[in-house]
Amino acid sequence: ARYINHGCDANAESDIIDDRVWIIATRKIRKGEEVLYNYNFDLEDALDNPCNCGSEKCVGYMVGDEYWPKLRKLLRKKKKRA
């Protein structure tokens, strides 16, 4: 799991089963396509973990997608202050 990159448009997810990390595909992964999963960092650590995945869905930081709306709002506020 530590060799799999983060991606905002992930095609896999991680799960811990019986103290082992499992990588589970969330959709069909084409031959030659890189396996990616969202690292799901908390919003608290968002600005410390920039994302460069290049996806059209990229929010710029490696945070869980449940935090994306709050992150976008935080970034808008930060931009207005600058």
# chains A, B, ... in the order shown; residues from 1 in each chain; ligands from 1
call {"tool": "residues_around", "arguments": {"residues": "Asn11 in chain A", "least_positions_apart": "2", "cutoff": "8 Å", "atoms": "only C-alpha atoms", "output": "ChimeraX atom specification"}}
result
/A:9,13,25-29,35-37
call {"tool": "write_last_selection", "arguments": {"atoms": "N, CA, C and O atoms", "output": "PDB file, in the first residue's frame"}}
result
ATOM      1  N   ASP A   9      -9.030  11.259  -8.204  1.00  0.00           N
ATOM      2  CA  ASP A   9      -9.958  10.448  -8.991  1.00  0.00           C
ATOM      3  C   ASP A   9      -9.505   8.995  -8.870  1.00  0.00           C
ATOM      4  O   ASP A   9      -9.084   8.369  -9.834  1.00  0.00           O
ATOM      5  N   GLU A  13      -9.428   1.661  -3.164  1.00  0.00           N
ATOM      6  CA  GLU A  13      -9.480   2.155  -1.794  1.00  0.00           C
ATOM      7  C   GLU A  13      -8.785   1.154  -0.892  1.00  0.00           C
ATOM      8  O   GLU A  13      -8.618  -0.014  -1.260  1.00  0.00           O
ATOM      9  N   ALA A  25     -10.141  -2.620  -5.650  1.00  0.00           N
ATOM     10  CA  ALA A  25     -10.519  -1.812  -6.816  1.00  0.00           C
ATOM     11  C   ALA A  25     -11.958  -1.338  -6.660  1.00  0.00           C
ATOM     12  O   ALA A  25     -12.827  -2.098  -6.248  1.00  0.00           O
ATOM     13  N   THR A  26     -12.202  -0.081  -6.985  1.00  0.00           N
ATOM     14  CA  THR A  26     -13.559   0.467  -6.925  1.00  0.00           C
ATOM     15  C   THR A  26     -14.193   0.535  -8.312  1.00  0.00           C
ATOM     16  O   THR A  26     -15.368   0.862  -8.439  1.00  0.00           O
ATOM     17  N   ARG A  27     -13.393   0.257  -9.312  1.00  0.00           N
ATOM     18  CA  ARG A  27     -13.876   0.175 -10.693  1.00  0.00           C
ATOM     19  C   ARG A  27     -12.875  -0.657 -11.476  1.00  0.00           C
ATOM     20  O   ARG A  27     -11.802  -0.978 -10.967  1.00  0.00           O
ATOM     21  N   LYS A  28     -13.215  -0.993 -12.701  1.00  0.00           N
ATOM     22  CA  LYS A  28     -12.300  -1.778 -13.525  1.00  0.00           C
ATOM     23  C   LYS A  28     -11.049  -0.945 -13.811  1.00  0.00           C
ATOM     24  O   LYS A  28     -11.146   0.211 -14.222  1.00  0.00           O
ATOM     25  N   ILE A  29      -9.890  -1.536 -13.600  1.00  0.00           N
ATOM     26  CA  ILE A  29      -8.621  -0.864 -13.844  1.00  0.00           C
ATOM     27  C   ILE A  29      -8.027  -1.439 -15.129  1.00  0.00           C
ATOM     28  O   ILE A  29      -7.789  -2.633 -15.230  1.00  0.00           O
ATOM     29  N   VAL A  35      -2.650   2.288 -10.361  1.00  0.00           N
ATOM     30  CA  VAL A  35      -3.587   2.113  -9.251  1.00  0.00           C
ATOM     31  C   VAL A  35      -3.413   3.304  -8.316  1.00  0.00           C
ATOM     32  O   VAL A  35      -2.303   3.631  -7.903  1.00  0.00           O
ATOM     33  N   LEU A  36      -4.520   3.982  -8.002  1.00  0.00           N
ATOM     34  CA  LEU A  36      -4.516   5.163  -7.147  1.00  0.00           C
ATOM     35  C   LEU A  36      -5.600   5.043  -6.089  1.00  0.00           C
ATOM     36  O   LEU A  36      -6.666   4.501  -6.358  1.00  0.00           O
ATOM     37  N   TYR A  37      -5.301   5.536  -4.901  1.00  0.00           N
ATOM     38  CA  TYR A  37      -6.364   5.668  -3.914  1.00  0.00           C
ATOM     39  C   TYR A  37      -6.211   6.990  -3.178  1.00  0.00           C
ATOM     40  O   TYR A  37      -5.141   7.588  -3.164  1.00  0.00           O
TER      41      TYR A  37
END
call {"tool": "select_by_dssp", "arguments": {"residues": "chain A", "states": "alpha helix (DSSP H)", "output": "list in words"}}
result
Trp68, Pro69, Lys70, Leu71, Arg72, Lys73, Leu74, Leu75, Arg76, Lys77, Lys78, Lys79, Lys80 and Arg81 of chain A
call {"tool": "closest_residue", "arguments": {"among": "A:Ala1, A:Ala82, A:Cys58, A:Ala12", "to": "Glu33 in chain A", "atoms": "only C-alpha atoms"}}
result
A:Ala12
call {"tool": "closest_residue", "arguments": {"among": "A:Glu56, A:Glu34, A:Asp48, A:Asp42", "to": "Trp68 in chain A", "atoms": "only C-alpha atoms"}}
result
A:Asp42
call {"tool": "atom_distance", "arguments": {"atom1": "CA of Gly54 in chain A", "atom2": "CA of Asn5 in chain A"}}
result
12.1 Å
call {"tool": "residues_around", "arguments": {"residues": "Tyr39 in chain A", "least_positions_apart": "2", "cutoff": "8 Å", "atoms": "only C-alpha atoms", "output": "VMD selection string"}}
result
chain A and resid 6 to 7 37 41 62 to 64
call {"tool": "write_last_selection", "arguments": {"atoms": "C-alpha atoms", "output": "mmCIF file, in the first residue's frame"}}
result
data_model
loop_
_atom_site.group_PDB
_atom_site.id
_atom_site.type_symbol
_atom_site.label_atom_id
_atom_site.label_comp_id
_atom_site.auth_asym_id
_atom_site.auth_seq_id
_atom_site.Cartn_x
_atom_site.Cartn_y
_atom_site.Cartn_z
ATOM 1 C CA HIS A 6 -2.702 9.287 -4.016
ATOM 2 C CA GLY A 7 -5.217 10.415 -6.622
ATOM 3 C CA TYR A 37 -6.364 5.668 -3.914
ATOM 4 C CA PHE A 41 -6.102 13.017 5.200
ATOM 5 C CA MET A 62 -4.741 15.098 -0.300
ATOM 6 C CA VAL A 63 -7.891 15.157 1.817
ATOM 7 C CA GLY A 64 -10.844 12.820 1.958
#
call {"tool": "atom_distance", "arguments": {"atom1": "CA of Pro50 in chain A", "atom2": "CA of Lys31 in chain A"}}
result
28.0 Å
call {"tool": "select_by_dssp", "arguments": {"residues": "chain A", "states": "strand (DSSP E)", "output": "VMD selection string"}}
result
chain A and resid 5 to 6 12 to 17 20 to 25 36 to 37
call {"tool": "write_last_selection", "arguments": {"atoms": "all heavy atoms", "output": "compact mmCIF listing (two decimals), in the first residue's frame"}}
result
# COMPACT_ATOMS: atom_id res chain seq x y z
N ASN A 5 0.21 5.54 -5.18
CA ASN A 5 0.08 6.99 -5.12
C ASN A 5 -1.34 7.42 -4.80
O ASN A 5 -2.31 6.72 -5.07
CB ASN A 5 0.51 7.62 -6.44
CG ASN A 5 2.00 7.59 -6.63
OD1 ASN A 5 2.76 7.77 -5.68
ND2 ASN A 5 2.42 7.36 -7.85
N HIS A 6 -1.41 8.64 -4.26
CA HIS A 6 -2.70 9.29 -4.02
C HIS A 6 -3.25 9.80 -5.35
O HIS A 6 -2.50 10.21 -6.23
CB HIS A 6 -2.52 10.48 -3.08
CG HIS A 6 -3.67 11.43 -3.11
ND1 HIS A 6 -4.79 11.26 -2.33
CD2 HIS A 6 -3.88 12.54 -3.84
CE1 HIS A 6 -5.64 12.24 -2.58
NE2 HIS A 6 -5.11 13.04 -3.50
N ALA A 12 -9.18 2.84 -6.58
CA ALA A 12 -9.10 1.82 -5.54
C ALA A 12 -9.25 2.48 -4.18
O ALA A 12 -9.23 3.71 -4.06
CB ALA A 12 -7.76 1.10 -5.62
N GLU A 13 -9.43 1.66 -3.16
CA GLU A 13 -9.48 2.16 -1.79
C GLU A 13 -8.79 1.15 -0.89
O GLU A 13 -8.62 -0.01 -1.26
CB GLU A 13 -10.92 2.40 -1.34
CG GLU A 13 -11.80 1.17 -1.34
CD GLU A 13 -13.26 1.48 -1.05
OE1 GLU A 13 -13.67 2.64 -1.19
OE2 GLU A 13 -13.99 0.55 -0.69
N SER A 14 -8.36 1.61 0.26
CA SER A 14 -7.70 0.71 1.19
C SER A 14 -8.67 0.33 2.31
O SER A 14 -9.58 1.08 2.63
CB SER A 14 -6.45 1.37 1.78
OG SER A 14 -6.80 2.52 2.51
N ASP A 15 -8.43 -0.85 2.86
CA ASP A 15 -9.22 -1.32 3.98
C ASP A 15 -8.30 -2.16 4.85
O ASP A 15 -7.36 -2.78 4.36
CB ASP A 15 -10.41 -2.15 3.48
CG ASP A 15 -11.50 -2.31 4.52
OD1 ASP A 15 -11.36 -1.77 5.65
OD2 ASP A 15 -12.51 -2.97 4.23
N ILE A 16 -8.55 -2.17 6.13
CA ILE A 16 -7.77 -3.01 7.04
C ILE A 16 -8.65 -4.16 7.49
O ILE A 16 -9.71 -3.95 8.09
CB ILE A 16 -7.25 -2.20 8.25
CG1 ILE A 16 -6.34 -1.07 7.75
CG2 ILE A 16 -6.52 -3.10 9.23
CD1 ILE A 16 -5.88 -0.13 8.82
N ILE A 17 -8.21 -5.35 7.17
CA ILE A 17 -8.94 -6.57 7.51
C ILE A 17 -7.96 -7.50 8.21
O ILE A 17 -6.90 -7.83 7.65
CB ILE A 17 -9.53 -7.24 6.25
CG1 ILE A 17 -10.46 -6.27 5.51
CG2 ILE A 17 -10.27 -8.53 6.63
CD1 ILE A 17 -10.90 -6.75 4.14
N ARG A 20 -4.33 -6.44 8.37
CA ARG A 20 -3.60 -6.35 7.10
C ARG A 20 -4.27 -5.31 6.23
O ARG A 20 -5.49 -5.18 6.23
CB ARG A 20 -3.59 -7.70 6.38
CG ARG A 20 -2.85 -8.77 7.18
CD ARG A 20 -2.71 -10.00 6.40
NE ARG A 20 -1.79 -9.73 5.30
CZ ARG A 20 -1.15 -10.67 4.66
NH1 ARG A 20 -1.30 -11.92 4.98
NH2 ARG A 20 -0.35 -10.36 3.66
N VAL A 21 -3.46 -4.57 5.48
CA VAL A 21 -3.99 -3.56 4.56
C VAL A 21 -4.31 -4.24 3.23
O VAL A 21 -3.47 -4.93 2.65
CB VAL A 21 -2.98 -2.42 4.34
CG1 VAL A 21 -3.51 -1.42 3.32
CG2 VAL A 21 -2.66 -1.73 5.65
N TRP A 22 -5.53 -4.04 2.78
CA TRP A 22 -5.98 -4.57 1.49
C TRP A 22 -6.30 -3.40 0.56
O TRP A 22 -6.89 -2.41 0.98
CB TRP A 22 -7.24 -5.42 1.67
CG TRP A 22 -6.96 -6.69 2.41
CD1 TRP A 22 -6.91 -6.85 3.76
CD2 TRP A 22 -6.68 -7.95 1.83
NE1 TRP A 22 -6.61 -8.15 4.06
CE2 TRP A 22 -6.47 -8.85 2.90
CE3 TRP A 22 -6.59 -8.43 0.54
CZ2 TRP A 22 -6.17 -10.19 2.71
CZ3 TRP A 22 -6.29 -9.77 0.33
CH2 TRP A 22 -6.09 -10.63 1.39
N ILE A 23 -5.92 -3.52 -0.68
CA ILE A 23 -6.26 -2.54 -1.71
C ILE A 23 -7.35 -3.16 -2.56
O ILE A 23 -7.17 -4.24 -3.14
CB ILE A 23 -5.03 -2.18 -2.58
CG1 ILE A 23 -3.88 -1.69 -1.70
CG2 ILE A 23 -5.41 -1.15 -3.62
CD1 ILE A 23 -4.19 -0.48 -0.83
N ILE A 24 -8.49 -2.47 -2.63
CA ILE A 24 -9.67 -3.01 -3.31
C ILE A 24 -10.04 -2.07 -4.46
O ILE A 24 -10.21 -0.87 -4.25
CB ILE A 24 -10.84 -3.12 -2.32
CG1 ILE A 24 -10.42 -4.00 -1.14
CG2 ILE A 24 -12.09 -3.65 -3.00
CD1 ILE A 24 -11.28 -3.86 0.08
N ALA A 25 -10.14 -2.62 -5.65
CA ALA A 25 -10.52 -1.81 -6.82
C ALA A 25 -11.96 -1.34 -6.66
O ALA A 25 -12.83 -2.10 -6.25
CB ALA A 25 -10.37 -2.63 -8.10
N LEU A 36 -4.52 3.98 -8.00
CA LEU A 36 -4.52 5.16 -7.15
C LEU A 36 -5.60 5.04 -6.09
O LEU A 36 -6.67 4.50 -6.36
CB LEU A 36 -4.81 6.43 -7.97
CG LEU A 36 -3.89 6.75 -9.12
CD1 LEU A 36 -4.50 7.85 -9.98
CD2 LEU A 36 -2.52 7.16 -8.61
N TYR A 37 -5.30 5.54 -4.90
CA TYR A 37 -6.36 5.67 -3.91
C TYR A 37 -6.21 6.99 -3.18
O TYR A 37 -5.14 7.59 -3.16
CB TYR A 37 -6.44 4.48 -2.96
CG TYR A 37 -5.32 4.30 -1.97
CD1 TYR A 37 -5.44 4.77 -0.67
CD2 TYR A 37 -4.16 3.62 -2.31
CE1 TYR A 37 -4.42 4.58 0.25
CE2 TYR A 37 -3.15 3.42 -1.39
CZ TYR A 37 -3.29 3.90 -0.11
OH TYR A 37 -2.29 3.71 0.80
call {"tool": "atom_distance", "arguments": {"atom1": "CA of Cys8 in chain A", "atom2": "CA of Ser55 in chain A"}}
result
6.5 Å
call {"tool": "closest_residue", "arguments": {"among": "A:Lys78, A:Ala10, A:Lys73, A:Asp19", "to": "Lys57 in chain A", "atoms": "only C-alpha atoms"}}
result
A:Ala10
call {"tool": "closest_residue", "arguments": {"among": "A:Asn49, A:Arg30, A:Leu43, A:Lys79", "to": "Tyr67 in chain A", "atoms": "only C-alpha atoms"}}
result
A:Leu43
call {"tool": "closest_residue", "arguments": {"among": "A:Cys51, A:Arg2, A:Asn38, A:Lys80", "to": "Glu66 in chain A", "atoms": "only C-alpha atoms"}}
result
A:Asn38
